[in-house]
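*Asks:* First the structure, then my questions, so here it is.
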Amino acid sequence: MADAPGDNTQAREEWQEAFDASKMRDVDFQTMSGVPVDPVYGDAPYPGQYPYTRGVYPSMYRSRLWTMRMFAGFGTAEDTNGRFKELLRSGGTGLSTAFDMPTLMGRDSDHDWALGEVGKAGVAIDTLADMEDLFADIDLSGVSTSMTINGPSPILMAMYVAVAENSGVERSKLGGTIQADILKEYQAQKEYIFPPRPSMRLITDMMKFTSAEMPRWHPISISGYHIREAGSTAAQELAFTLGNGFAYIEAAIEAGLDVDDFAPRLSFFFNSHLDFFEEIGKFRAARRIWARWLKERYGAKTEKALLMRFHTQTAGVSLTAQQPEINIARVAIQALAGVLGGTQSLHTDSFDEALALPTEKAARIALRTQQIIAHETGAANVADPLGGSDYVEWMTDEMERQAEAIFAHIDNLGDGSMLEGAYAGIDNGYYVGEIADAAYRFEREINAGRRIVVGVNDFTEGDDSDNDTLYIGAEVEEYQLKRLGDVKQKRDAEAVQSALNNLVAVASTPDQNTMPAFIDAVKAYATEGEIVDALEGVYGTYVEKAII
Amino acid sequence: MSDTTNEKPLRIVLAKLGLDGHDRGLKVVARMLRDGGLEVIYLGLRQTTDQVIAAVEQEDADAIGISMLNGGHLALSQKMINAINEAEAGVPLIVGGIVPEADVEKLNEMGVAAILGPGSSSEDCVASVRAAVAALA
């Protein structure tokens with residue numbers, strides 16, 4: 001039974017019941033001046049009620065604050081292992097791994113392309129031996145690990161499983177997320193290896209494998225972050241990301257998975273940029289669109305399948321090299337937008353990231369910024385505190401309207417399939433063209449002085465630029481090359497060759513799942529580059545058309 | 001863009017070397033230079049120095065622009081300079097992207113003609129290319 005229009009009584013009662021059943025943090029929910037505040041204000045639908053515009057949980061941050069998940073990785077696997085252990089000692093339970101460019105692109109540290117990149121923007125992984133170093137002395141059944149990797153994600157997934165099994169932890173005990181969002185690689189981030197369709201096959205194999213054998217694993221984090229960083233508008237970020245989400249849903253349904261089992265394993269990853277109200281509208285619209293499409297178009301029946309849970313990262317691209325300290329203020333505002341938008345986890349950028357990888361001090365300030373929002377501002381006391389504001393509600397509707405127009409275009413490109421539409425848009429340059437147009441329009445506005453960037457085209461006095469930056473020397477590359485050489489010498493070369501041959505055979509057969517063959521290959525200490533080379537023989541290599 | 005003189009417009013080859021896929025900046029610069037009257041040959045991602053030199057020769061280009069965001073600027077700029085010298089291409093190299101203050105001098109010593117950091121205006125980009133080409137003429 002539903003309420004009559006304008007009457008919230010029943011929805012309010014249902015919300016109250018769900019709220020009362022939620023556990024609460026041991027905190028006085030009152031203002032700084034001692035005024036007690038309600039957990040939510042305004043009209044239905046309330047947080048935790050379809051279509052979840054106001055949040056996915058009835059009690060939101062009163063039960064649990066967002067996860068402050070900071071992304072780290074640098075130098076050798078041993079270096080990062082030290083940082084991980086320090087994090088776990090200080091009470092963290094989530095590890096988030098950044099890999100270096102050669103690893104992200106499926107190339108070994110001794111490849112021509114790797115020159116100057118080894119260990120620079122993340123940790124270098126060539127073989128299972130590096131992965132063993134990365135997670136040495138960490139109980140993998142007790143942590144949740146996030147791995148940001150896409151093109152070669154089945155290889156890293158296989159290595160993670162192998163490290164766990166070699167240390168006596170069953171794969172079913174492993175919890176975490178692998179990004180594995182390959183579609184946005186062709187659209188924005190450009191860390192692809194194979195062409196889209198075979199890549200999608202490998203990702204689908206991984207989804208099936210983890211669905212069957214790893215109940216605590218999230219096989220895809222559908223990411224708008226990189227689309228926005230590449231220059232898209234907020235609405236394009238929203239639409240391309242959710243459009244990709246629909247494409248994965250269609251791929252999973254085609255592969256025989258049940259949408260109600262599969263959809264709850266998906267998570268999302270958005271950017272939080274500087275236009276405060278536009279961002280909040282974007283987050284609210286994202287939840288509403290996802291719930292509605294899953295229910296109406298894909299026939300999901302369980303509530304869990306309708307809930308969009310997402311991670312947020314502040315906008316790296318908004319940070320300025322000029323007067324870098326003022327980036328602390330930018331990050332704080334973006335982080336607050338993420339929280340008011342109802343994010344489940346948050347990474348705050350360090351102020352020095354337009355100059356180099358963050359120093360430890362800069363990373364600490366970024367984390368402290370989240371802690372100020374969580375514990376000092378009162379922003380976590382009330383769910384969806386901006387809901388009901390005419391402006392915010394209008395902005396939410398506007399984001400949804402723009403996104404629906406883009407979905408219609410993609411759906412049309414794919415003749416009624418969002419998956420085929422995604423392939424077609426990659427193939428005809430739709431995504432890269434739209435993103436490049438938006439990026440150029442933004443830059444021209446700055447150039448023409450129609451848009452002010454503080455410290456860059458106005459208010460430029462006071463740039464003393466004497467900050468310490470993190471510097472990663474050439475010794476990481478030397479160490480890694482030696483390590484790779486040693487592993488290759490010690491392993492059984494015949495076992496490697498036979499595992500690679502088997503992988504190629506399985507990869508050439510459409511109906512077999514490739515994951516077990518990946519696991520066998522990494523256990524034989526085949527290198528990431530060798531595995532990629534072998535598969536390129538089957539699938540080919542993707543080359544992007546150079547379009548300005 | 002109408003060229004009122006009979007001089008041929010300057011031609012520049014733009015490319016991303018190595019693995020770094022951050023192409024937003026270079027694409028924006030490509031459009032800025034094109035709108036500023038230059039002819040832009042955009043090679044795109046994951047080019048080798050040999051591919052860049054081949055494009056310079058085929059297109060009779062006057063300059064090369066590369067861009068790095070991931071910290072590969074020293075190694076890749078040196079590789080590009082070596083390739084230019086080896087081929088006796090006689091064109092200046094302009095580097096864009098994220099270059100820490102401490103490395104600016106190293107790039108200058110290496111022979112990089114200009115460095116365009118974040119926030120460079122359209123006019124800066126066009127003027128840098130023109131000045132770099134004029135300095136070699």
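The way I read the labels, and the way they are meant: chains A, B, ... in the order of the structure tokens, residue 1 as the first residue of every chain, and ligand 1 as the first ligand shown, with later ones counted on from there.
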Could you give me, as number ranges by chain, the residues within 12 Å of Ser67 (chain B), counting only C-alpha atoms and dropping anything in the same chain fewer than 5 positions from it?
*Replies:* B: 13-30, 44-47, 72-74, 76-77, 80, 93-99, 114-118
*Asks:* Write out as a PyMOL selection string the set of residues from region 58-251 of chain A that DSSP, computed on the backbone, places in strand (DSSP E).
*Replies:* chain A and resi 67-68+94-98+144-148+175-178+217-218+220-223
*Asks:* Would you mind exporting the chosen residues as a PDB file, in the first residue's frame, restricted to N, CA, C and O atoms?
*Replies:*
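As a result, again17.pdb now contains:
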ATOM      1  N   THR A  67      34.196   4.667   3.964  1.00  0.00           N
ATOM      2  CA  THR A  67      35.547   4.114   4.106  1.00  0.00           C
ATOM      3  C   THR A  67      36.550   5.119   3.555  1.00  0.00           C
ATOM      4  O   THR A  67      36.392   5.600   2.431  1.00  0.00           O
ATOM      5  N   MET A  68      37.544   5.436   4.344  1.00  0.00           N
ATOM      6  CA  MET A  68      38.576   6.365   3.865  1.00  0.00           C
ATOM      7  C   MET A  68      39.662   5.522   3.205  1.00  0.00           C
ATOM      8  O   MET A  68      40.594   5.066   3.847  1.00  0.00           O
ATOM      9  N   GLY A  94      41.606  -2.218   4.679  1.00  0.00           N
ATOM     10  CA  GLY A  94      41.505  -2.242   3.231  1.00  0.00           C
ATOM     11  C   GLY A  94      42.825  -1.827   2.589  1.00  0.00           C
ATOM     12  O   GLY A  94      43.404  -0.810   2.961  1.00  0.00           O
ATOM     13  N   LEU A  95      43.296  -2.638   1.641  1.00  0.00           N
ATOM     14  CA  LEU A  95      44.498  -2.284   0.904  1.00  0.00           C
ATOM     15  C   LEU A  95      44.082  -1.864  -0.492  1.00  0.00           C
ATOM     16  O   LEU A  95      43.211  -2.489  -1.086  1.00  0.00           O
ATOM     17  N   SER A  96      44.689  -0.814  -1.005  1.00  0.00           N
ATOM     18  CA  SER A  96      44.364  -0.366  -2.347  1.00  0.00           C
ATOM     19  C   SER A  96      45.658  -0.221  -3.132  1.00  0.00           C
ATOM     20  O   SER A  96      46.544   0.520  -2.736  1.00  0.00           O
ATOM     21  N   THR A  97      45.753  -0.988  -4.216  1.00  0.00           N
ATOM     22  CA  THR A  97      47.032  -1.098  -4.906  1.00  0.00           C
ATOM     23  C   THR A  97      47.079  -0.327  -6.214  1.00  0.00           C
ATOM     24  O   THR A  97      46.243  -0.538  -7.090  1.00  0.00           O
ATOM     25  N   ALA A  98      48.095   0.526  -6.343  1.00  0.00           N
ATOM     26  CA  ALA A  98      48.368   1.199  -7.614  1.00  0.00           C
ATOM     27  C   ALA A  98      49.532   0.485  -8.283  1.00  0.00           C
ATOM     28  O   ALA A  98      50.548   0.220  -7.645  1.00  0.00           O
ATOM     29  N   SER A 144      40.634  -6.686   2.911  1.00  0.00           N
ATOM     30  CA  SER A 144      39.963  -6.520   1.629  1.00  0.00           C
ATOM     31  C   SER A 144      40.931  -5.749   0.731  1.00  0.00           C
ATOM     32  O   SER A 144      41.471  -4.724   1.125  1.00  0.00           O
ATOM     33  N   THR A 145      41.174  -6.295  -0.449  1.00  0.00           N
ATOM     34  CA  THR A 145      42.190  -5.715  -1.324  1.00  0.00           C
ATOM     35  C   THR A 145      41.555  -5.167  -2.588  1.00  0.00           C
ATOM     36  O   THR A 145      40.755  -5.847  -3.225  1.00  0.00           O
ATOM     37  N   SER A 146      41.902  -3.938  -2.904  1.00  0.00           N
ATOM     38  CA  SER A 146      41.425  -3.357  -4.145  1.00  0.00           C
ATOM     39  C   SER A 146      42.603  -3.247  -5.106  1.00  0.00           C
ATOM     40  O   SER A 146      43.672  -2.769  -4.733  1.00  0.00           O
ATOM     41  N   MET A 147      42.422  -3.748  -6.321  1.00  0.00           N
ATOM     42  CA  MET A 147      43.497  -3.670  -7.313  1.00  0.00           C
ATOM     43  C   MET A 147      43.018  -2.861  -8.516  1.00  0.00           C
ATOM     44  O   MET A 147      42.033  -3.227  -9.166  1.00  0.00           O
ATOM     45  N   THR A 148      43.711  -1.772  -8.781  1.00  0.00           N
ATOM     46  CA  THR A 148      43.316  -0.911  -9.878  1.00  0.00           C
ATOM     47  C   THR A 148      44.045  -1.339 -11.133  1.00  0.00           C
ATOM     48  O   THR A 148      45.173  -0.917 -11.387  1.00  0.00           O
ATOM     49  N   GLY A 175      38.491 -11.429  -0.183  1.00  0.00           N
ATOM     50  CA  GLY A 175      37.568 -10.313  -0.346  1.00  0.00           C
ATOM     51  C   GLY A 175      38.261  -9.131  -0.993  1.00  0.00           C
ATOM     52  O   GLY A 175      39.423  -8.861  -0.696  1.00  0.00           O
ATOM     53  N   GLY A 176      37.543  -8.448  -1.864  1.00  0.00           N
ATOM     54  CA  GLY A 176      38.130  -7.263  -2.472  1.00  0.00           C
ATOM     55  C   GLY A 176      37.496  -6.930  -3.806  1.00  0.00           C
ATOM     56  O   GLY A 176      36.411  -7.424  -4.130  1.00  0.00           O
ATOM     57  N   THR A 177      38.182  -6.071  -4.528  1.00  0.00           N
ATOM     58  CA  THR A 177      37.663  -5.547  -5.787  1.00  0.00           C
ATOM     59  C   THR A 177      38.796  -5.483  -6.800  1.00  0.00           C
ATOM     60  O   THR A 177      39.914  -5.103  -6.452  1.00  0.00           O
ATOM     61  N   ILE A 178      38.507  -5.832  -8.033  1.00  0.00           N
ATOM     62  CA  ILE A 178      39.451  -5.550  -9.109  1.00  0.00           C
ATOM     63  C   ILE A 178      38.724  -4.620 -10.076  1.00  0.00           C
ATOM     64  O   ILE A 178      37.540  -4.787 -10.329  1.00  0.00           O
ATOM     65  N   TRP A 217      34.121 -11.475  -3.592  1.00  0.00           N
ATOM     66  CA  TRP A 217      34.907 -10.669  -4.516  1.00  0.00           C
ATOM     67  C   TRP A 217      34.009  -9.823  -5.427  1.00  0.00           C
ATOM     68  O   TRP A 217      32.979 -10.283  -5.901  1.00  0.00           O
ATOM     69  N   HIS A 218      34.421  -8.566  -5.651  1.00  0.00           N
ATOM     70  CA  HIS A 218      33.715  -7.680  -6.590  1.00  0.00           C
ATOM     71  C   HIS A 218      34.514  -7.619  -7.884  1.00  0.00           C
ATOM     72  O   HIS A 218      35.594  -7.037  -7.913  1.00  0.00           O
ATOM     73  N   ILE A 220      34.129  -6.132 -10.820  1.00  0.00           N
ATOM     74  CA  ILE A 220      34.276  -4.922 -11.643  1.00  0.00           C
ATOM     75  C   ILE A 220      33.960  -3.693 -10.806  1.00  0.00           C
ATOM     76  O   ILE A 220      33.017  -3.683 -10.025  1.00  0.00           O
ATOM     77  N   SER A 221      34.766  -2.658 -10.988  1.00  0.00           N
ATOM     78  CA  SER A 221      34.426  -1.359 -10.436  1.00  0.00           C
ATOM     79  C   SER A 221      34.250  -0.421 -11.633  1.00  0.00           C
ATOM     80  O   SER A 221      35.222  -0.059 -12.303  1.00  0.00           O
ATOM     81  N   ILE A 222      33.006  -0.078 -11.913  1.00  0.00           N
ATOM     82  CA  ILE A 222      32.696   0.662 -13.137  1.00  0.00           C
ATOM     83  C   ILE A 222      33.002   2.134 -12.904  1.00  0.00           C
ATOM     84  O   ILE A 222      32.432   2.764 -12.018  1.00  0.00           O
ATOM     85  N   SER A 223      33.915   2.648 -13.709  1.00  0.00           N
ATOM     86  CA  SER A 223      34.598   3.877 -13.322  1.00  0.00           C
ATOM     87  C   SER A 223      34.351   5.044 -14.256  1.00  0.00           C
ATOM     88  O   SER A 223      34.708   4.996 -15.437  1.00  0.00           O
TER      89      SER A 223
END
*Asks:* So what do you get for CA of Thr9 (chain A) versus CA of Gly42 (chain A), distance-wise?
*Replies:*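 About the pair CA of Thr9 (chain A) and CA of Gly42 (chain A): they are 12.0 Å apart.
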*Asks:* Using only C-alpha atoms, select each residue of chain A with any atom at most 9 Å away from an atom of chain B, and give the selection as a ChimeraX atom specification.
*Replies:* /A:101-102,105,112-117,120-121,188-191,229-231,320-322,354-357,435-437,439-440,443-444,446-447,456-457,465-466,469,472,543-548
*Asks:* Fewer than 3 positions away in the same chain doesn't count, so skip those; otherwise give me all residues within 8 Å of region 58-61 of chain B, counting only C-alpha atoms, as a list in words.
*Replies:*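 Residues meeting the cut-off are Leu10, Arg11, Ile12, Val13, Ala54, Ala55, Ile64 and Val91 of chain B.
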*Asks:* Hey, can you check how far CA of Asp62 (chain B) sits from CA of Leu107 (chain B)?
*Replies:*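 If I compute the distance from CA of Asp62 (chain B) to CA of Leu107 (chain B), I get 19.8 Å.
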